[in-house]
Each structure stands twice: as C-alpha cells, then as structure tokens.
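Chemist: Questions regarding the structure given below will be posed in turn.
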Amino acid sequence: KLLFTTGRCGAMRIMMADQGQEWKEIVVDFADWMKGDLKATCVFGQLPKLEDGGFALYQSNAILRHLGRNHDAYGKDGKEAALIDMMCDGVEDLRLKYVKMIYQEYDTGKDVYIKDLPNHLDKFEAVMAKNKTGFLVGDKPSFADYSLFEVLLNHLVLCSSCLDTFPSLKSFVEKMSARPKIKTFLDSEAYKQLPINGNGKQ
C-alpha cells in the first residue's frame, strides 16, 4: 500500500510495475493532509509511506532502496551497491534542483534552468556511456535507474529536446520505455491522470 500526496512516488510506481508487483495507492487530499492527523503519525511528518503488511517505511529513497533489496535491483555485490547509492544521490541532487525551479522559480527561472541543464545531464551521460550496458551500474536496472528514468521523463515534458545531445541518455529512456511492463504502465490511464507536480506546473 502506497500513501502519497503528489510528486515523490513516480520512480516507485515504475519500479513496482516493471517488477510485476501489484500495489494499492491511497491519494491523500491536500486539505485532509493539512488537518494534521495523518501528518502526526508520519515519522518525519512527510509522505510518501509504504505499507507492506505490518511494515511501514517513509522517505522516498529509503523506499526505493527497500524495493531494490527485495527485487534484486541493488547490484551484484557491495561495490555495485555503493555505486548505485552514489548514482541515486546524484539523481536526487538533480531532482531537488528541478523541484526548486518548479515550486519556487518557474516563472522567472525556467529558461535559465533549461539552459544550465546540460551541465547536470552530462554527468549521467558520461557514466552511462562508460558502462556500455545501457544502465548506470551493472547489466540490469537498479533502483537508481528507475529514479533517473522518472526524472528524465519529467524533464522531457519540461523541454522535449533536452536529451538530443546526450545519445546514451536518450537511448536509456527509449530502452526503459520499451520494457513491456513499463510500457503498459506508462500507457495506462492511471499513469496519465497523475499530475507530475502538485502545483500543476511542468
């Protein structure tokens, strides 16, 4: 069971879909959230929350790591796991820059953000090109790949040409999008009806 308001569940959904998992989503209305009753039960006063039987977990990247461990998407050994952690943190840095622009600087900073975006994407392009498997680490998708994929999908909505000069990243998005279970999920009405961001900007 996945509880959320908006935003930080995209990579989890894509990962669970690709892994053939079924889940129940509970969308918490913002007005209900602001009442504070549910917020008071959350460890850090935040969603998303993953419930698995009697087990509850908060923090989006902790949930991704949990899913990675449970679905063989955390590398083949400790070194690969460390590299996957590193890449996940790198994706998080990009995600936070994107979120800041969307929620705080959209009207005044969107053009500047898009202009500067290649200086962030080139780091992921270099890693992907060096690995030569089509993934960030190893030869199959890790939770960091699902996180990067979701962030890149959001950026393609922001700027449809943003990957044109990054062939490895462009190929990665095409490859991930073509995975049968991901394709089915991305084509579903449930996915299409979800807002990318809580303020409606994209």
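Letters for chains follow the order of the structure tokens (A, B, ...), residue numbers begin at 1 for each chain, and ligand numbers begin at 1 in the order shown.
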Residues at most 7 Å from region 8-22 of chain A, counting only C-alpha atoms, excluding those fewer than 6 positions away in the same chain, as an NGL selection string?

Modeler: :A and (48 or 60 or 64 or 146-147 or 150 or 181-182 or 185)

Chemist: Generate the output file for the selected residues, N, CA and C atoms, as an mmCIF file, in the first residue's frame.

Modeler:
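Heads up, here's the output in result.cif:
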data_model
loop_
_atom_site.group_PDB
_atom_site.id
_atom_site.type_symbol
_atom_site.label_atom_id
_atom_site.label_comp_id
_atom_site.auth_asym_id
_atom_site.auth_seq_id
_atom_site.Cartn_x
_atom_site.Cartn_y
_atom_site.Cartn_z
ATOM 1 N N PRO A 48 5.893 10.240 0.872
ATOM 2 C CA PRO A 48 5.117 9.001 0.820
ATOM 3 C C PRO A 48 5.402 8.048 1.975
ATOM 4 N N SER A 60 11.281 8.691 0.399
ATOM 5 C CA SER A 60 11.171 8.094 -0.937
ATOM 6 C C SER A 60 12.397 7.273 -1.326
ATOM 7 N N LEU A 64 12.773 3.275 -2.137
ATOM 8 C CA LEU A 64 13.409 2.748 -3.356
ATOM 9 C C LEU A 64 14.484 1.720 -3.019
ATOM 10 N N TYR A 146 15.650 3.412 -12.207
ATOM 11 C CA TYR A 146 14.233 3.787 -12.202
ATOM 12 C C TYR A 146 14.065 5.239 -11.772
ATOM 13 N N SER A 147 14.870 5.669 -10.801
ATOM 14 C CA SER A 147 14.805 7.053 -10.337
ATOM 15 C C SER A 147 15.244 8.018 -11.431
ATOM 16 N N GLU A 150 12.586 8.251 -14.282
ATOM 17 C CA GLU A 150 11.434 9.081 -13.956
ATOM 18 C C GLU A 150 11.790 10.564 -14.003
ATOM 19 N N LYS A 181 6.384 -4.186 -19.285
ATOM 20 C CA LYS A 181 5.552 -3.816 -18.137
ATOM 21 C C LYS A 181 5.585 -2.316 -17.877
ATOM 22 N N ILE A 182 6.733 -1.687 -18.159
ATOM 23 C CA ILE A 182 6.801 -0.227 -18.022
ATOM 24 C C ILE A 182 5.940 0.428 -19.098
ATOM 25 N N PHE A 185 2.382 0.297 -18.141
ATOM 26 C CA PHE A 185 2.090 1.245 -17.071
ATOM 27 C C PHE A 185 2.039 2.677 -17.599
#

Chemist: Contacts of region 129-139 of chain A at 6 Å or less, counting only C-alpha atoms, minus same-chain residues fewer than 3 places along, as a PyMOL selection string?

Modeler: chain A and resi 125-126+168+172

Chemist: Taking into account only C-alpha atoms, which residue in the set A:Leu163, A:Asp52, A:Asn154, A:Lys97 is nearest to Val112 (chain A)?

Modeler: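 Of A:Leu163, A:Asp52, A:Asn154, A:Lys97, the one nearest Val112 (chain A), counting only C-alpha atoms, is A:Lys97.
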
Chemist: Using DSSP on the backbone coordinates, identify the residues of region 2-199 of chain A assigned to strand (DSSP E); present them as a ChimeraX atom specification.

Modeler: /A:2-4,25-27,49-52,55-58

Chemist: Can you work out the spacing between CA of Ser161 (chain A) and CA of Leu148 (chain A) in Å, to one decimal?

Modeler: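 That distance, rounded to one decimal, is 16.9 Å.
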
Chemist: Pick the closest to Asp122 (chain A) from A:Leu169, A:Met176, A:Leu50, A:Cys88: which is it, counting only C-alpha atoms?

Modeler: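 Closest to Asp122 (chain A), using only C-alpha atoms: A:Leu169.
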
Chemist: Taking the chain letters and numbering used in this document, name the residues of chain A that DSSP puts in helix (DSSP H, G or I), as a PyMOL selection string.

Modeler: chain A and resi 10-18+30-35+37-41+60-70+78-104+106-116+118-131+143-158+167-178+180-186+189-192

Chemist: Separation of CA of Phe143 (chain A) and CA of Leu67 (chain A), in Å?

Modeler: 7.5 Å
